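Worksheet for the structure shown next.
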Amino acid sequence: MNVALGGTLIQDLASTEGPAAAHPTCNVPSGRRIHRVDLEPGSLSASLLGPSFEANSLHHQGADRIGEGLRVAGRAPDGVVEALEGPGPSFLLGVQWHPESLAAEDPAQQGLFDAFVRACG
């Protein structure tokens, strides 16, 4: 989503300098929560999930320059972008964690899918 709208990616978080280099990645079970995600007040993400939650983390890339019209809606404590949203009434939400691995036990994560289905209806 970010690249399609003109943004760029950090190709490998572990190869960066600073706190993002230690971002937890791929080598854990998908249902294991390993870091917090803080969501921006007033964002769609926060309206669905609350101000913060513990997420799983299975990615080694991250958003770098943010694409046209997108805004950062959530970050991990190390600064890595975890959620991006588009403007306006359209449902445009991208997340780095895997809510499908958490939805069975977490109604808020299931709520992401429910909100998407409602937006499509």
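So you can find residues: chains in the structure tokens are A, B, ... in the order shown, residues in each start at 1, and ligands are numbered from 1 in order.
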
Contact table region 38-69 of chain A vs region 1-11 of chain A, cut-off 10 Å, shortest pair per residue, only C-alpha atoms, as CSV:
```
residue,atom,partner,partner_atom,distance
A:His60,CA,A:Gln11,CA,7.4
A:Gln61,CA,A:Gln11,CA,5.0
A:Gly62,CA,A:Ile10,CA,5.1
A:Ala63,CA,A:Leu9,CA,4.6
A:Asp64,CA,A:Leu9,CA,4.8
A:Arg65,CA,A:Thr8,CA,5.0
A:Ile66,CA,A:Gly7,CA,4.7
A:Gly67,CA,A:Gly7,CA,3.7
A:Glu68,CA,A:Leu5,CA,5.4
A:Gly69,CA,A:Leu5,CA,7.7
```

Put those residues in a file: N, CA and C atoms, as an mmCIF file, in the first residue's frame.
```cif
data_model
loop_
_atom_site.group_PDB
_atom_site.id
_atom_site.type_symbol
_atom_site.label_atom_id
_atom_site.label_comp_id
_atom_site.auth_asym_id
_atom_site.auth_seq_id
_atom_site.Cartn_x
_atom_site.Cartn_y
_atom_site.Cartn_z
ATOM 1 N N HIS A 60 10.140 -8.132 8.488
ATOM 2 C CA HIS A 60 11.516 -7.634 8.551
ATOM 3 C C HIS A 60 11.661 -6.331 7.769
ATOM 4 N N GLN A 61 10.594 -5.896 7.118
ATOM 5 C CA GLN A 61 10.589 -4.617 6.406
ATOM 6 C C GLN A 61 9.694 -3.641 7.146
ATOM 7 N N GLY A 62 9.807 -2.361 6.795
ATOM 8 C CA GLY A 62 8.952 -1.355 7.397
ATOM 9 C C GLY A 62 8.800 -0.165 6.472
ATOM 10 N N ALA A 63 7.765 0.608 6.703
ATOM 11 C CA ALA A 63 7.554 1.820 5.921
ATOM 12 C C ALA A 63 8.662 2.814 6.243
ATOM 13 N N ASP A 64 9.164 3.462 5.210
ATOM 14 C CA ASP A 64 10.192 4.491 5.375
ATOM 15 C C ASP A 64 9.550 5.837 5.040
ATOM 16 N N ARG A 65 9.694 6.305 3.816
ATOM 17 C CA ARG A 65 8.985 7.518 3.403
ATOM 18 C C ARG A 65 7.529 7.126 3.186
ATOM 19 N N ILE A 66 6.617 7.912 3.733
ATOM 20 C CA ILE A 66 5.199 7.585 3.691
ATOM 21 C C ILE A 66 4.592 8.075 2.378
ATOM 22 N N GLY A 67 3.784 7.216 1.760
ATOM 23 C CA GLY A 67 3.177 7.494 0.460
ATOM 24 C C GLY A 67 2.155 8.620 0.491
ATOM 25 N N GLU A 68 1.864 9.123 -0.702
ATOM 26 C CA GLU A 68 0.938 10.237 -0.911
ATOM 27 C C GLU A 68 -0.426 9.971 -0.283
ATOM 28 N N GLY A 69 -0.855 10.866 0.585
ATOM 29 C CA GLY A 69 -2.171 10.785 1.191
ATOM 30 C C GLY A 69 -2.277 9.870 2.391
#
```

| task | Show which residues sit within 8 Å of Asp38 (chain A), as a count of residues only. Count only C-alpha atoms, and ignore same-chain residues fewer than 5 positions away. | result | 7

| message | When you look at Ser30 (chain A) with a cut-off of 12 Å (counting only C-alpha atoms), what residues show up, excluding the ones that are within fewer than 5 positions of it in the same chain? I need them as an MDAnalysis selection string. | response | chainID A and resid 25 55:59 97:103

Quick one: write out the picked residues with C-alpha atoms as a CSV table (one decimal), in the first residue's frame?
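Below you can see again-v6.csv, which holds the result:
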```
chain,number,residue,atom,x,y,z
A,25,THR,CA,10.8,-10.1,13.7
A,55,ALA,CA,1.0,-7.3,18.7
A,56,ASN,CA,2.7,-10.2,17.1
A,57,SER,CA,5.5,-9.3,14.8
A,58,LEU,CA,6.5,-11.3,11.7
A,59,HIS,CA,8.0,-8.6,9.4
A,97,TRP,CA,1.2,-7.2,12.5
A,98,HIS,CA,-1.0,-10.2,11.6
A,99,PRO,CA,-4.4,-9.7,13.1
A,100,GLU,CA,-5.7,-13.0,11.5
A,101,SER,CA,-3.4,-14.9,13.9
A,102,LEU,CA,-4.9,-13.0,16.9
A,103,ALA,CA,-8.6,-12.7,16.0
```

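Taking only C-alpha atoms into account, Asp78 (chain A) lies nearest to A:Arg36 out of the set A:Gly94, A:Arg36, A:Gly121, A:Ala115.
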
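The residue that comes closest to Ala119 (chain A), out of A:Pro107, A:Pro89, A:Gly31, A:Gly50 and on the basis of only C-alpha atoms, is A:Pro89.
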
| query | Looking at only C-alpha atoms, which of A:Ala83, A:Val37, A:Leu93, A:Leu48 is the one that sits closest to Asp114 (chain A)? | reply |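 Among the listed residues, the smallest separation from Asp114 (chain A) belongs to A:Leu48.
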
| said: as a VMD selection string, please: every residue in chain A that DSSP puts in strand (DSSP E or B). | reply: chain A and resid 9 to 10 35 to 39 52 to 55 62 to 63 71 to 75 81 to 85 93 to 95

Generate a file of the selected residues that holds N, CA, C and O atoms, formatted as a short mmCIF file (atom, residue, chain, number, x, y, z; two decimals), in the first residue's frame.
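Wrote it out as again33.cif, contents follow:
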```
data_model
loop_
_atom_site.label_atom_id
_atom_site.label_comp_id
_atom_site.auth_asym_id
_atom_site.auth_seq_id
_atom_site.Cartn_x
_atom_site.Cartn_y
_atom_site.Cartn_z
N LEU A 9 10.20 1.65 1.35
CA LEU A 9 10.34 0.69 2.44
C LEU A 9 11.77 0.66 2.96
O LEU A 9 12.71 0.87 2.20
N ILE A 10 11.88 0.36 4.22
CA ILE A 10 13.15 -0.08 4.78
C ILE A 10 13.21 -1.56 4.43
O ILE A 10 12.34 -2.33 4.85
N HIS A 35 5.41 -7.17 21.06
CA HIS A 35 5.67 -5.75 21.31
C HIS A 35 4.37 -4.95 21.26
O HIS A 35 3.38 -5.39 20.70
N ARG A 36 4.42 -3.78 21.88
CA ARG A 36 3.26 -2.90 21.93
C ARG A 36 3.16 -2.11 20.63
O ARG A 36 4.15 -1.81 19.98
N VAL A 37 1.95 -1.78 20.25
CA VAL A 37 1.67 -0.83 19.17
C VAL A 37 0.87 0.31 19.78
O VAL A 37 -0.17 0.06 20.43
N ASP A 38 1.36 1.52 19.62
CA ASP A 38 0.66 2.71 20.09
C ASP A 38 -0.03 3.36 18.90
O ASP A 38 0.63 3.64 17.88
N LEU A 39 -1.33 3.60 19.03
CA LEU A 39 -2.13 4.12 17.93
C LEU A 39 -2.45 5.60 18.15
O LEU A 39 -2.61 6.05 19.29
N SER A 52 -3.63 1.44 22.55
CA SER A 52 -2.45 0.58 22.36
C SER A 52 -2.83 -0.86 22.65
O SER A 52 -3.86 -1.14 23.26
N PHE A 53 -1.99 -1.76 22.18
CA PHE A 53 -2.21 -3.19 22.41
C PHE A 53 -0.89 -3.91 22.15
O PHE A 53 0.05 -3.33 21.61
N GLU A 54 -0.83 -5.16 22.51
CA GLU A 54 0.34 -6.00 22.25
C GLU A 54 0.10 -6.75 20.95
O GLU A 54 -0.95 -7.35 20.76
N ALA A 55 1.10 -6.71 20.07
CA ALA A 55 0.98 -7.31 18.74
C ALA A 55 1.99 -8.43 18.54
O ALA A 55 3.03 -8.47 19.19
N GLY A 62 9.81 -2.36 6.80
CA GLY A 62 8.95 -1.36 7.40
C GLY A 62 8.80 -0.17 6.47
O GLY A 62 9.62 0.04 5.56
N ALA A 63 7.76 0.61 6.70
CA ALA A 63 7.55 1.82 5.92
C ALA A 63 8.66 2.81 6.24
O ALA A 63 9.05 2.98 7.40
N ARG A 71 -1.22 8.44 6.26
CA ARG A 71 -0.69 8.96 7.51
C ARG A 71 -0.35 7.79 8.42
O ARG A 71 -0.98 6.72 8.35
N VAL A 72 0.65 7.99 9.24
CA VAL A 72 1.03 6.98 10.21
C VAL A 72 -0.03 6.97 11.31
O VAL A 72 -0.32 8.01 11.91
N ALA A 73 -0.60 5.81 11.54
CA ALA A 73 -1.63 5.67 12.57
C ALA A 73 -1.14 4.88 13.78
O ALA A 73 -1.78 4.89 14.82
N GLY A 74 0.00 4.19 13.65
CA GLY A 74 0.51 3.42 14.77
C GLY A 74 1.99 3.11 14.62
O GLY A 74 2.49 2.96 13.50
N ARG A 75 2.66 3.05 15.76
CA ARG A 75 4.09 2.74 15.79
C ARG A 75 4.38 1.80 16.95
O ARG A 75 3.71 1.82 17.98
N VAL A 81 6.93 1.93 11.96
CA VAL A 81 5.53 2.15 11.59
C VAL A 81 4.82 0.79 11.57
O VAL A 81 5.28 -0.15 10.93
N GLU A 82 3.71 0.72 12.27
CA GLU A 82 2.92 -0.51 12.35
C GLU A 82 1.55 -0.38 11.71
O GLU A 82 0.92 -1.38 11.41
N ALA A 83 1.07 0.85 11.49
CA ALA A 83 -0.24 1.05 10.86
C ALA A 83 -0.23 2.32 10.03
O ALA A 83 0.30 3.35 10.47
N LEU A 84 -0.80 2.23 8.84
CA LEU A 84 -0.97 3.37 7.93
C LEU A 84 -2.44 3.46 7.56
O LEU A 84 -3.11 2.43 7.40
N GLU A 85 -2.92 4.69 7.40
CA GLU A 85 -4.31 4.90 7.01
C GLU A 85 -4.38 5.94 5.89
O GLU A 85 -3.53 6.83 5.81
N LEU A 93 -6.66 0.93 5.32
CA LEU A 93 -5.92 0.65 6.54
C LEU A 93 -4.94 -0.48 6.27
O LEU A 93 -5.35 -1.54 5.80
N GLY A 94 -3.68 -0.24 6.53
CA GLY A 94 -2.66 -1.27 6.39
C GLY A 94 -1.94 -1.45 7.71
O GLY A 94 -1.61 -0.48 8.37
N VAL A 95 -1.72 -2.71 8.09
CA VAL A 95 -1.03 -3.00 9.36
C VAL A 95 0.13 -3.96 9.12
O VAL A 95 0.09 -4.76 8.19
#
```

| request: Quick one: pull the distance between CA of Glu105 (chain A) and CA of Leu92 (chain A), Å, one decimal. | output: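 Between CA of Glu105 (chain A) and CA of Leu92 (chain A) the gap works out to 24.3 Å.
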